[in-house]
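Structure file my_file_7.cif (mmCIF, C-alpha atoms and all ligand atoms) is printed below.
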data_structure
loop_
_atom_site.label_atom_id
_atom_site.label_comp_id
_atom_site.auth_asym_id
_atom_site.auth_seq_id
_atom_site.Cartn_x
_atom_site.Cartn_y
_atom_site.Cartn_z
CA MET A 1 6.55 -42.83 6.39
CA ILE A 2 4.77 -42.06 9.64
CA ASN A 3 1.04 -42.63 10.16
CA LYS A 4 -1.31 -39.90 11.25
CA PRO A 5 -1.71 -40.16 15.03
CA SER A 6 -5.17 -40.61 16.52
CA CYS A 7 -4.83 -37.49 18.71
CA PRO A 8 -6.34 -34.26 17.34
CA ILE A 9 -4.10 -31.93 15.35
CA ASN A 10 -5.39 -28.37 15.50
CA LEU A 11 -3.93 -25.17 14.17
CA PHE A 12 -5.18 -23.37 17.31
CA ASP A 13 -6.72 -24.81 20.45
CA VAL A 14 -9.33 -22.57 22.01
CA GLN A 15 -10.74 -25.09 24.49
CA SER A 16 -8.14 -27.25 26.25
CA SER A 17 -7.18 -24.63 28.85
CA GLN A 18 -10.79 -24.82 30.10
CA LYS A 19 -10.17 -28.38 31.26
CA VAL A 20 -6.73 -27.57 32.66
CA ILE A 21 -8.07 -24.66 34.72
CA GLY A 22 -11.28 -26.52 35.62
CA GLN A 23 -14.63 -25.85 34.02
CA GLU A 24 -16.26 -25.44 37.44
CA LYS A 25 -14.10 -22.35 38.07
CA PHE A 26 -15.55 -20.68 34.97
CA LEU A 27 -19.07 -21.58 36.04
CA GLN A 28 -18.46 -20.18 39.55
CA ALA A 29 -17.09 -16.95 38.10
CA PHE A 30 -20.10 -16.61 35.76
CA GLU A 31 -22.50 -17.31 38.62
CA LYS A 32 -20.89 -14.52 40.62
CA ILE A 33 -21.57 -12.11 37.76
CA LEU A 34 -25.16 -13.30 37.42
CA ASN A 35 -25.59 -12.54 41.12
CA HIS A 36 -23.96 -9.11 41.25
CA GLY A 37 -25.52 -8.00 37.94
CA GLY A 38 -22.64 -5.76 36.84
CA TYR A 39 -22.49 -7.33 33.39
CA CYS A 40 -20.56 -4.57 31.68
CA GLN A 41 -17.34 -3.21 33.14
CA GLY A 42 -18.12 -4.84 36.47
CA PRO A 43 -15.60 -5.59 39.24
CA GLU A 44 -13.96 -8.32 37.12
CA THR A 45 -12.84 -5.77 34.49
CA LYS A 46 -11.27 -3.56 37.18
CA GLU A 47 -9.42 -6.53 38.63
CA LEU A 48 -8.29 -7.46 35.13
CA ASP A 49 -6.99 -3.90 34.45
CA ALA A 50 -4.72 -4.27 37.48
CA LYS A 51 -3.56 -7.81 36.61
CA LEU A 52 -2.80 -6.95 32.99
CA ALA A 53 -0.82 -3.88 33.99
CA GLU A 54 1.14 -5.85 36.57
CA PHE A 55 1.90 -8.73 34.18
CA SER A 56 3.11 -6.43 31.41
CA GLY A 57 5.01 -4.04 33.66
CA ALA A 58 2.93 -1.02 32.63
CA LYS A 59 1.38 1.44 35.06
CA TYR A 60 -2.11 1.14 33.62
CA ALA A 61 -4.19 -1.18 31.47
CA VAL A 62 -7.51 -0.13 29.96
CA THR A 63 -9.64 -3.11 28.98
CA CYS A 64 -11.94 -2.70 26.00
CA SER A 65 -14.23 -4.59 23.66
CA SER A 66 -11.75 -5.82 21.03
CA GLY A 67 -8.22 -5.64 19.71
CA THR A 68 -9.48 -3.28 17.02
CA ASP A 69 -10.83 -0.85 19.62
CA SER A 70 -7.57 -1.19 21.52
CA LEU A 71 -5.87 0.33 18.45
CA ILE A 72 -8.44 3.10 17.97
CA LEU A 73 -8.52 4.25 21.62
CA PRO A 74 -4.81 5.19 21.93
CA LEU A 75 -4.89 6.93 18.56
CA MET A 76 -7.93 8.90 19.77
CA ALA A 77 -6.07 9.75 22.98
CA TRP A 78 -3.21 11.11 20.85
CA GLY A 79 -5.69 13.16 18.85
CA VAL A 80 -5.06 11.38 15.54
CA LYS A 81 -7.25 12.96 12.84
CA GLU A 82 -7.53 13.96 9.21
CA GLY A 83 -4.27 15.39 7.90
CA ASP A 84 -2.13 13.10 10.06
CA ALA A 85 0.25 10.48 8.72
CA VAL A 86 0.31 7.20 10.64
CA PHE A 87 3.06 4.81 9.54
CA VAL A 88 1.95 1.20 9.72
CA SER A 89 3.15 -2.29 8.80
CA SER A 90 1.36 -3.67 5.77
CA PHE A 91 2.01 -7.36 6.45
CA THR A 92 -0.61 -7.61 9.18
CA PHE A 93 -4.26 -8.13 9.94
CA VAL A 94 -6.27 -5.24 8.48
CA ALA A 95 -7.18 -3.67 11.85
CA SER A 96 -3.65 -2.22 12.29
CA ALA A 97 -4.27 0.13 9.35
CA GLU A 98 -8.03 0.39 9.72
CA ALA A 99 -7.65 2.11 13.11
CA PRO A 100 -5.87 5.25 11.81
CA ALA A 101 -7.95 5.23 8.60
CA ILE A 102 -11.26 5.22 10.47
CA LEU A 103 -10.12 8.32 12.38
CA GLY A 104 -9.54 10.08 9.05
CA ALA A 105 -5.75 9.83 9.15
CA THR A 106 -3.63 8.62 6.24
CA PRO A 107 -2.03 5.21 6.69
CA ILE A 108 1.47 5.17 5.22
CA PHE A 109 2.42 1.57 4.56
CA VAL A 110 5.87 0.38 5.53
CA ASP A 111 7.60 -2.72 4.17
CA SER A 112 8.71 -5.64 6.34
CA ASP A 113 12.10 -6.86 7.40
CA PRO A 114 12.89 -10.03 5.37
CA ASP A 115 14.02 -11.96 8.47
CA THR A 116 11.84 -10.86 11.41
CA TRP A 117 8.84 -10.05 9.13
CA ASP A 118 8.12 -7.06 11.39
CA MET A 119 8.34 -3.41 10.30
CA ASP A 120 11.54 -2.59 8.38
CA VAL A 121 13.04 0.34 10.29
CA LYS A 122 15.07 1.61 7.33
CA ASP A 123 11.96 1.70 5.16
CA LEU A 124 10.10 3.45 8.00
CA GLU A 125 12.67 6.23 8.04
CA ARG A 126 12.61 6.53 4.23
CA GLN A 127 8.81 6.88 4.27
CA ILE A 128 8.90 9.44 7.08
CA GLU A 129 11.43 11.52 5.12
CA ARG A 130 9.30 11.24 1.96
CA VAL A 131 6.13 12.39 3.74
CA LYS A 132 8.07 15.17 5.45
CA GLN A 133 9.47 16.39 2.11
CA GLU A 134 6.00 16.36 0.54
CA GLY A 135 4.84 18.55 3.43
CA LYS A 136 1.14 17.67 3.14
CA LEU A 137 0.62 15.59 6.30
CA ASN A 138 1.55 15.94 9.97
CA LEU A 139 3.91 13.23 11.15
CA LYS A 140 1.85 11.73 13.95
CA ALA A 141 2.40 8.11 14.97
CA VAL A 142 3.82 4.70 14.10
CA VAL A 143 1.82 1.48 14.52
CA ALA A 144 4.35 -1.37 14.81
CA VAL A 145 2.91 -4.87 14.64
CA ASP A 146 4.51 -7.84 16.42
CA ILE A 147 3.63 -10.24 13.67
CA PHE A 148 2.89 -13.81 14.82
CA GLY A 149 3.89 -12.73 18.35
CA ASN A 150 7.43 -11.64 17.43
CA PRO A 151 8.46 -8.34 19.07
CA CYS A 152 9.57 -5.57 16.69
CA ASP A 153 12.92 -3.82 17.00
CA TYR A 154 11.43 -1.23 19.38
CA ASP A 155 14.67 0.56 20.30
CA ALA A 156 15.26 1.32 16.63
CA ILE A 157 11.61 2.13 15.85
CA LYS A 158 11.28 4.43 18.88
CA ALA A 159 14.57 6.17 18.06
CA VAL A 160 13.35 6.98 14.53
CA ALA A 161 9.77 7.89 15.53
CA HIS A 162 10.80 10.06 18.47
CA LYS A 163 13.39 11.86 16.34
CA TYR A 164 10.50 13.07 14.17
CA GLY A 165 8.26 13.84 17.18
CA MET A 166 6.02 10.81 16.70
CA LYS A 167 4.60 8.30 19.18
CA VAL A 168 4.89 4.53 18.79
CA LEU A 169 1.86 2.31 19.30
CA SER A 170 2.72 -1.37 19.51
CA ASP A 171 0.07 -3.61 17.97
CA ALA A 172 0.63 -6.55 20.30
CA ALA A 173 -2.63 -8.27 19.33
CA GLN A 174 -0.60 -11.42 18.69
CA SER A 175 2.14 -10.87 21.25
CA TYR A 176 0.73 -10.35 24.72
CA GLY A 177 3.31 -12.11 26.92
CA SER A 178 6.22 -11.64 24.52
CA ILE A 179 9.48 -10.22 25.85
CA TYR A 180 11.58 -7.45 24.33
CA LYS A 181 15.01 -7.18 25.98
CA GLY A 182 13.72 -8.20 29.40
CA LYS A 183 10.45 -6.25 29.18
CA ARG A 184 7.03 -7.70 28.54
CA ALA A 185 4.83 -6.37 25.74
CA GLY A 186 2.97 -3.45 27.31
CA SER A 187 6.00 -1.72 28.77
CA VAL A 188 8.11 -1.22 25.66
CA ALA A 189 6.36 1.15 23.22
CA ASP A 190 4.67 4.48 24.10
CA MET A 191 1.39 2.58 24.25
CA THR A 192 0.56 -1.04 23.53
CA SER A 193 -2.67 -2.51 22.29
CA THR A 194 -3.65 -6.15 22.40
CA SER A 195 -6.46 -8.51 21.44
CA PHE A 196 -8.01 -11.33 23.45
CA TYR A 197 -9.80 -12.91 20.50
CA PRO A 198 -10.08 -16.70 21.12
CA THR A 199 -7.05 -17.65 19.00
CA LYS A 200 -4.67 -15.20 20.68
CA PRO A 201 -2.04 -16.23 23.28
CA LEU A 202 -4.20 -14.74 26.05
CA ALA A 203 -7.75 -15.32 24.93
CA CYS A 204 -11.31 -14.85 26.09
CA TYR A 205 -14.50 -16.51 24.84
CA GLY A 206 -15.60 -13.77 22.51
CA ASP A 207 -14.11 -10.37 21.72
CA GLY A 208 -11.89 -8.37 24.04
CA GLY A 209 -8.82 -6.18 24.09
CA ALA A 210 -6.73 -3.86 26.24
CA VAL A 211 -4.35 -0.92 25.99
CA MET A 212 -1.31 -0.52 28.24
CA THR A 213 0.19 2.86 29.07
CA ASN A 214 2.39 4.51 31.69
CA SER A 215 0.59 7.84 31.43
CA GLU A 216 -2.31 8.67 33.73
CA GLU A 217 -3.49 11.33 31.29
CA GLU A 218 -3.62 8.83 28.41
CA ARG A 219 -5.38 6.32 30.63
CA ASP A 220 -8.03 8.88 31.58
CA LEU A 221 -8.57 9.90 27.95
CA MET A 222 -9.03 6.28 26.87
CA VAL A 223 -11.39 5.57 29.78
CA SER A 224 -13.49 8.50 28.55
CA CYS A 225 -13.27 7.54 24.85
CA ARG A 226 -14.21 3.95 25.74
CA VAL A 227 -17.65 5.21 26.81
CA HIS A 228 -18.66 7.81 24.21
CA GLY A 229 -16.26 10.50 25.46
CA MET A 230 -17.96 10.69 28.83
CA SER A 231 -16.88 13.26 31.41
CA PRO A 232 -15.65 11.66 34.66
CA GLU A 233 -17.55 14.30 36.66
CA ASP A 234 -20.89 14.23 34.84
CA HIS A 235 -21.85 11.00 33.10
CA TYR A 236 -24.47 12.83 31.02
CA ASP A 237 -21.93 15.27 29.64
CA ASN A 238 -19.88 13.85 26.76
CA VAL A 239 -16.84 16.05 26.35
CA ARG A 240 -15.23 14.43 23.29
CA MET A 241 -16.03 11.93 20.58
CA GLY A 242 -15.80 8.32 21.70
CA LEU A 243 -16.98 4.79 21.13
CA ASN A 244 -18.88 2.09 22.89
CA ALA A 245 -15.81 -0.02 23.56
CA ARG A 246 -16.50 -1.51 26.98
CA MET A 247 -15.43 -5.01 27.98
CA ASP A 248 -18.10 -7.17 29.52
CA SER A 249 -17.55 -8.79 32.91
CA PHE A 250 -17.90 -12.34 31.56
CA GLN A 251 -14.90 -11.90 29.25
CA ALA A 252 -12.91 -10.31 32.08
CA ALA A 253 -13.72 -13.29 34.34
CA VAL A 254 -12.51 -15.69 31.63
CA LEU A 255 -9.30 -13.72 31.19
CA LEU A 256 -8.60 -13.64 34.94
CA LEU A 257 -8.77 -17.43 34.97
CA LYS A 258 -6.75 -17.76 31.76
CA MET A 259 -4.02 -15.58 33.25
CA THR A 260 -3.38 -18.24 35.90
CA VAL A 261 -1.96 -20.54 33.19
CA LEU A 262 -0.54 -17.92 30.81
CA GLU A 263 3.14 -18.22 31.80
CA LYS A 264 3.05 -21.99 31.53
CA GLU A 265 1.28 -21.79 28.17
CA LEU A 266 3.84 -19.30 26.85
CA LYS A 267 6.67 -21.64 27.92
CA ASP A 268 4.98 -24.62 26.29
CA ARG A 269 4.50 -22.69 23.05
CA GLU A 270 8.18 -21.77 23.08
CA VAL A 271 9.28 -25.41 23.60
CA ILE A 272 7.26 -26.45 20.53
CA ALA A 273 8.62 -23.52 18.51
CA GLN A 274 12.19 -24.48 19.40
CA ARG A 275 11.47 -28.05 18.38
CA TYR A 276 10.13 -26.89 15.03
CA ASN A 277 13.15 -24.57 14.62
CA ASN A 278 15.57 -27.41 15.29
CA GLU A 279 13.85 -30.25 13.46
CA LEU A 280 12.21 -28.74 10.39
CA ASP A 281 14.19 -29.07 7.18
CA SER A 282 16.16 -25.96 6.21
CA TYR A 283 14.03 -25.94 3.04
CA PHE A 284 11.67 -23.86 5.17
CA LYS A 285 12.73 -20.42 6.27
CA THR A 286 11.76 -19.64 9.86
CA GLN A 287 11.03 -16.29 11.51
CA LYS A 288 13.99 -14.59 13.15
CA VAL A 289 13.49 -13.49 16.77
CA LEU A 290 15.84 -10.69 17.87
CA ASP A 291 18.49 -11.39 20.53
CA ASN A 292 17.23 -11.15 24.13
CA CYS A 293 13.65 -11.29 22.90
CA GLN A 294 10.95 -13.92 23.09
CA SER A 295 8.00 -14.30 20.78
CA ALA A 296 4.57 -15.12 22.24
CA ARG A 297 4.32 -17.68 19.39
CA ALA A 298 0.72 -16.87 18.51
CA LEU A 299 1.40 -18.60 15.21
CA TYR A 300 4.34 -20.66 14.02
CA THR A 301 4.96 -19.66 10.45
CA VAL A 302 7.47 -20.71 7.84
CA GLN A 303 8.31 -19.32 4.43
CA CYS A 304 8.24 -21.79 1.55
CA GLU A 305 8.57 -21.04 -2.17
CA ASP A 306 5.96 -23.71 -2.99
CA ARG A 307 3.55 -22.53 -0.28
CA ASP A 308 0.31 -23.44 -2.05
CA GLU A 309 1.59 -26.92 -2.86
CA LEU A 310 2.77 -27.38 0.73
CA MET A 311 -0.61 -26.25 2.02
CA ALA A 312 -2.41 -28.76 -0.22
CA PHE A 313 0.02 -31.53 0.81
CA LEU A 314 -0.46 -30.87 4.54
CA LYS A 315 -4.23 -30.69 4.23
CA GLU A 316 -4.26 -33.94 2.27
CA HIS A 317 -2.43 -35.52 5.21
CA GLY A 318 -4.83 -34.12 7.79
CA ILE A 319 -2.68 -31.25 9.02
CA PRO A 320 -4.53 -27.93 9.34
CA CYS A 321 -2.56 -24.88 8.22
CA GLY A 322 -3.25 -21.37 7.02
CA ALA A 323 -1.71 -18.56 4.96
CA TYR A 324 -1.61 -15.50 7.19
CA TYR A 325 -1.79 -13.12 5.41
CA PRO A 326 -2.34 -13.78 1.71
CA ARG A 327 -2.75 -10.06 0.86
CA PRO A 328 -0.77 -7.20 2.40
CA VAL A 329 -3.18 -4.50 3.60
CA ASN A 330 -2.00 -1.94 1.01
CA THR A 331 -3.20 -4.24 -1.80
CA GLN A 332 -6.72 -4.66 -0.40
CA THR A 333 -9.66 -2.95 -2.09
CA ALA A 334 -10.55 -0.46 0.65
CA TYR A 335 -6.91 0.68 0.92
CA GLN A 336 -6.27 1.44 -2.75
CA LYS A 337 -6.14 5.20 -2.34
CA TRP A 338 -3.14 4.76 0.00
CA ASN A 339 -1.50 2.07 -2.15
CA THR A 340 1.16 4.34 -3.58
CA ARG A 341 4.09 2.00 -4.11
CA SER A 342 5.03 -1.66 -4.11
CA LEU A 343 6.30 -3.29 -0.92
CA PRO A 344 8.44 -6.16 -2.21
CA VAL A 345 9.08 -7.95 1.09
CA CYS A 346 5.40 -7.83 2.13
CA GLU A 347 4.39 -9.11 -1.28
CA LYS A 348 6.88 -11.96 -1.11
CA LEU A 349 5.77 -12.88 2.43
CA SER A 350 2.12 -12.95 1.49
CA LYS A 351 2.90 -15.44 -1.30
CA THR A 352 5.21 -17.70 0.71
CA VAL A 353 4.13 -17.85 4.38
CA LEU A 354 2.33 -20.78 5.93
CA SER A 355 1.32 -21.21 9.57
CA ILE A 356 1.36 -24.73 10.97
CA PRO A 357 -0.19 -26.11 14.19
CA MET A 358 0.97 -24.16 17.26
CA HIS A 359 -0.66 -24.10 20.66
CA PRO A 360 0.40 -25.16 24.16
CA TYR A 361 -1.66 -28.36 24.07
CA LEU A 362 -0.23 -29.79 20.83
CA SER A 363 0.78 -33.36 21.74
CA LYS A 364 4.23 -34.76 21.13
CA GLU A 365 2.72 -37.23 18.59
CA ALA A 366 1.06 -34.40 16.71
CA GLN A 367 4.33 -32.45 16.64
CA ASP A 368 6.22 -35.56 15.41
CA TYR A 369 3.70 -36.00 12.62
CA VAL A 370 3.74 -32.34 11.55
CA ILE A 371 7.54 -32.34 11.44
CA ALA A 372 7.68 -35.65 9.55
CA MET A 373 5.17 -34.51 6.92
CA MET A 374 6.82 -31.12 6.46
CA ASN A 375 10.20 -32.82 6.03
CA GLU A 376 8.75 -35.39 3.64
CA PHE A 377 7.51 -32.53 1.46
CA ALA A 378 10.93 -30.87 1.63
CA ALA A 379 12.73 -34.12 0.74
CA LYS A 380 10.49 -34.65 -2.33
CA LYS A 381 11.11 -31.13 -3.51
CA LYS A 382 14.84 -31.35 -2.99
CA SER A 383 15.16 -34.71 -4.77
CA LYS A 384 13.19 -33.36 -7.75
CA ALA A 385 15.47 -30.34 -7.95
CA ALA A 386 18.67 -32.47 -7.69
C1 LIG B 401 -2.15 -7.80 14.35
C2 LIG B 401 -3.57 -7.65 14.75
N1 LIG B 401 -4.05 -6.43 15.05
C3 LIG B 401 -5.32 -6.24 15.44
C4 LIG B 401 -6.22 -7.28 15.52
C5 LIG B 401 -7.64 -7.01 15.86
O1 LIG B 401 -8.06 -7.68 17.01
P1 LIG B 401 -9.62 -8.04 17.21
O2 LIG B 401 -9.96 -9.12 16.26
O3 LIG B 401 -9.67 -8.48 18.65
O4 LIG B 401 -10.40 -6.79 16.98
C6 LIG B 401 -5.78 -8.57 15.22
C7 LIG B 401 -6.72 -9.72 15.28
O5 LIG B 401 -6.62 -10.70 14.62
C8 LIG B 401 -4.42 -8.77 14.82
O6 LIG B 401 -3.96 -9.98 14.52
#

Since I need it in another form, could you write the structure as structure tokens?
Amino acid sequence: MINKPSCPINLFDVQSSQKVIGQEKFLQAFEKILNHGGYCQGPETKELDAKLAEFSGAKYAVTCSSGTDSLILPLMAWGVKEGDAVFVSSFTFVASAEAPAILGATPIFVDSDPDTWDMDVKDLERQIERVKQEGKLNLKAVVAVDIFGNPCDYDAIKAVAHKYGMKVLSDAAQSYGSIYKGKRAGSVADMTSTSFYPTKPLACYGDGGAVMTNSEEERDLMVSCRVHGMSPEDHYDNVRMGLNARMDSFQAAVLLLKMTVLEKELKDREVIAQRYNNELDSYFKTQKVLDNCQSARALYTVQCEDRDELMAFLKEHGIPCGAYYPRPVNTQTAYQKWNTRSLPVCEKLSKTVLSIPMHPYLSKEAQDYVIAMMNEFAAKKKSKAA
């Protein structure tokens, strides 16, 4: 029996990096913005576009107001509309499917791989064939979600999507900084969207997002769509439908500072994840990361048959945890008209997953305690079953 340590145990930590970077640096950056007055899409956002592109190995990054908008903008640039089929993971945060749906397209839900928990490529191909046979929708795009930060099998997904003339949008909301076969998220799929919501691996102090692309044409379209479809020549002529999806300069300033510690934070997350992988009882199933890939470890999640009991046990012992996500998107009320079949792996995941504390500032004592309590639960369960 190990006692709860006095240090804090948080599921996420949205504040510690402030101290590590130095609070005065944030205040100086904010003061600069107050003085230049370019509050929205000021010089900080332009600098951030360049830094994000460089870090992810993409030619361009287009910052925007949220991860959700970072999914809508590329789909707008590809002309996604009513009558289009967009194939999307169902074991995800709702925005991955909301983006095509809000543009009038039909989300076609794809089941998950039982080991990586990302999109199941075989099921993707089956669904594409089914929609093709039905002949009612245009095969348009695939939205592949790197769930919990874990990169999808992009070579396989791109091979299938491209075979049918479709583009692949990576939803890297949880995986900015992840690596797929030597390439950072942002330079793997046809376009990549990400979120900078405070709990994400690269996070601002409010809402923010970005899209990465290698195409100048796509970049220009998204820059236009980000501001109501504005023409680059005449700002009072709107030449297409768009959004108000600008990033404000304060969030960009925060992200520029946060990027100075990102690599270290990603490494520290990985060290904790490896410790959990090695020391947690095999009673818990862990998420498989593909060879030559690295997850951004936005969340550390296990599968456990007695998930609700485990959650209650951990909470009782002062360990915060959460079930992400308790309902696959296809089962949610607003998505019923597209809920055409059961997705057994997604359903199983939503009943068995539990995310435990994971962030770069989780102390060794906190990790020891989390591991000890998880293993105590496993030992009790195993001795009962014996
Ligand atoms: C997989 C995924 N996609 C999209 C989003 C949407 O990002 P935002 O909340 O920044 O709009 C999130 C946010 O939680 C997410 O986890």

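Distances here use all atoms listed in the file; by that measure, the residue among A:Met191, A:Val94, A:Val353, A:Ala386 closest to ligand LIG 401 (chain B) is A:Val94.
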
Q) What do you get as a ChimeraX atom specification if you pick all residues at most 9 Å from ligand LIG 401 (chain B), counting all atoms listed in the file? A) /A:65-71,91-97,99,145-149,171-175,193-200,206-209

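Atom CA of Lys140 of chain A sits 10.2 Å away from atom CA of His162 of chain A.
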
Go through segment 76-184 of chain A residue by residue and, counting only C-alpha atoms, keep those with an atom at most 10 Å from segment 258-279 of chain A; for each kept residue give the shortest atom pair and its distance in Å to one decimal, ordered by chain and increasing number, as JSON lines.
{"residue": "A:Tyr176", "atom": "CA", "partner": "A:Leu266", "partner_atom": "CA", "distance": 9.7}
{"residue": "A:Gly177", "atom": "CA", "partner": "A:Leu266", "partner_atom": "CA", "distance": 7.2}
{"residue": "A:Ser178", "atom": "CA", "partner": "A:Leu266", "partner_atom": "CA", "distance": 8.4}

Please produce a file of the residues just selected, as a PDB file, keeping the file's coordinate frame, where the atoms kept are C-alpha atoms.
ATOM      1  CA  TYR A 176       0.730 -10.350  24.720  1.00  0.00           C
ATOM      2  CA  GLY A 177       3.310 -12.110  26.920  1.00  0.00           C
ATOM      3  CA  SER A 178       6.220 -11.640  24.520  1.00  0.00           C
TER       4      SER A 178
END

Q.
Using only C-alpha atoms for the distances, tell me which of A:Pro8, A:Glu134, A:Pro114, A:Ala141 is nearest to Ala85 of chain A.
A.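 Nearest to Ala85 of chain A: A:Ala141.
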
Q. When distances are computed from only C-alpha atoms, which of A:Glu376, A:Glu129, A:Glu233, A:Asp115 shows the smallest separation from Lys285 of chain A?
A.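 Of all the options, A:Asp115 lies closest to Lys285 of chain A.
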
Q. Taking all atoms listed in the file into account, which of A:Asn244, A:Ser170, A:Thr116, A:Gln127 comes nearest Val223 of chain A?
A.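 Among A:Asn244, A:Ser170, A:Thr116, A:Gln127, it is A:Asn244 that comes nearest to Val223 of chain A.
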
Q. Any idea what's packed within 12 Å of Asp123 of chain A, counting all atoms listed in the file, ignoring anything in its chain fewer than 5 positions away? Could you give it as number ranges by chain?
A. A: 87-90, 108-114, 118, 128-130, 156-157, 160, 343-346

Q: Find the residues near Tyr369 of chain A: any atom within 9 Å, counting only C-alpha atoms, skip ones fewer than 3 places away on the same chain, and give them as a PyMOL selection string.
A: chain A and resi 2-5+319+364-366+372-374

Q: Tell me which of A:Val227, A:Asn10, A:Asn150, A:Ala159 sits closest to Pro360 of chain A, counting only C-alpha atoms.
A: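 Counting only C-alpha atoms, the residue closest to Pro360 of chain A is A:Asn10.
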
Take the point (-16.0, -6.3, 28.9) in the file's coordinates, draw a sphere of radius 7 Å around it, and report as a tab-separated table (two decimals) with C-alpha atoms, in the frame of the given file every protein, DNA or RNA residue with an atom inside or on it, counting all atoms listed in the file.
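Generated file (out_15.tsv):
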chain	number	residue	atom	x	y	z
A	40	CYS	CA	-20.56	-4.57	31.68
A	41	GLN	CA	-17.34	-3.21	33.14
A	45	THR	CA	-12.84	-5.77	34.49
A	64	CYS	CA	-11.94	-2.70	26.00
A	65	SER	CA	-14.23	-4.59	23.66
A	208	GLY	CA	-11.89	-8.37	24.04
A	246	ARG	CA	-16.50	-1.51	26.98
A	247	MET	CA	-15.43	-5.01	27.98
A	248	ASP	CA	-18.10	-7.17	29.52
A	249	SER	CA	-17.55	-8.79	32.91
A	250	PHE	CA	-17.90	-12.34	31.56
A	251	GLN	CA	-14.90	-11.90	29.25
A	252	ALA	CA	-12.91	-10.31	32.08

Could you give me the axis-aligned bounding box of segment 170-186 of chain A, with 5 Å of padding per side, as centre plus edge lengths in Å to one decimal, as lines of an AutoDock Vina configuration file?
center_x = 6.2
center_y = -6.7
center_z = 23.7
size_x = 27.6
size_y = 20.7
size_z = 21.4

What would segment 256-270 of chain A look like if you wrote it out as a tab-separated table (two decimals), in the first residue's frame, with C-alpha atoms included, from the block I just posted?
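decode_7.tsv, written as the output of this step:
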chain	number	residue	atom	x	y	z
A	256	LEU	CA	5.42	31.00	-30.11
A	257	LEU	CA	6.62	30.82	-26.52
A	258	LYS	CA	5.18	27.33	-25.98
A	259	MET	CA	7.02	26.10	-29.07
A	260	THR	CA	10.34	26.82	-27.35
A	261	VAL	CA	9.66	23.93	-24.93
A	262	LEU	CA	7.61	21.66	-27.20
A	263	GLU	CA	10.34	19.15	-28.09
A	264	LYS	CA	11.34	18.74	-24.46
A	265	GLU	CA	7.70	18.35	-23.43
A	266	LEU	CA	7.11	15.72	-26.11
A	267	LYS	CA	10.16	13.77	-24.89
A	268	ASP	CA	9.01	14.00	-21.28
A	269	ARG	CA	5.54	12.76	-22.23
A	270	GLU	CA	7.11	9.82	-24.04
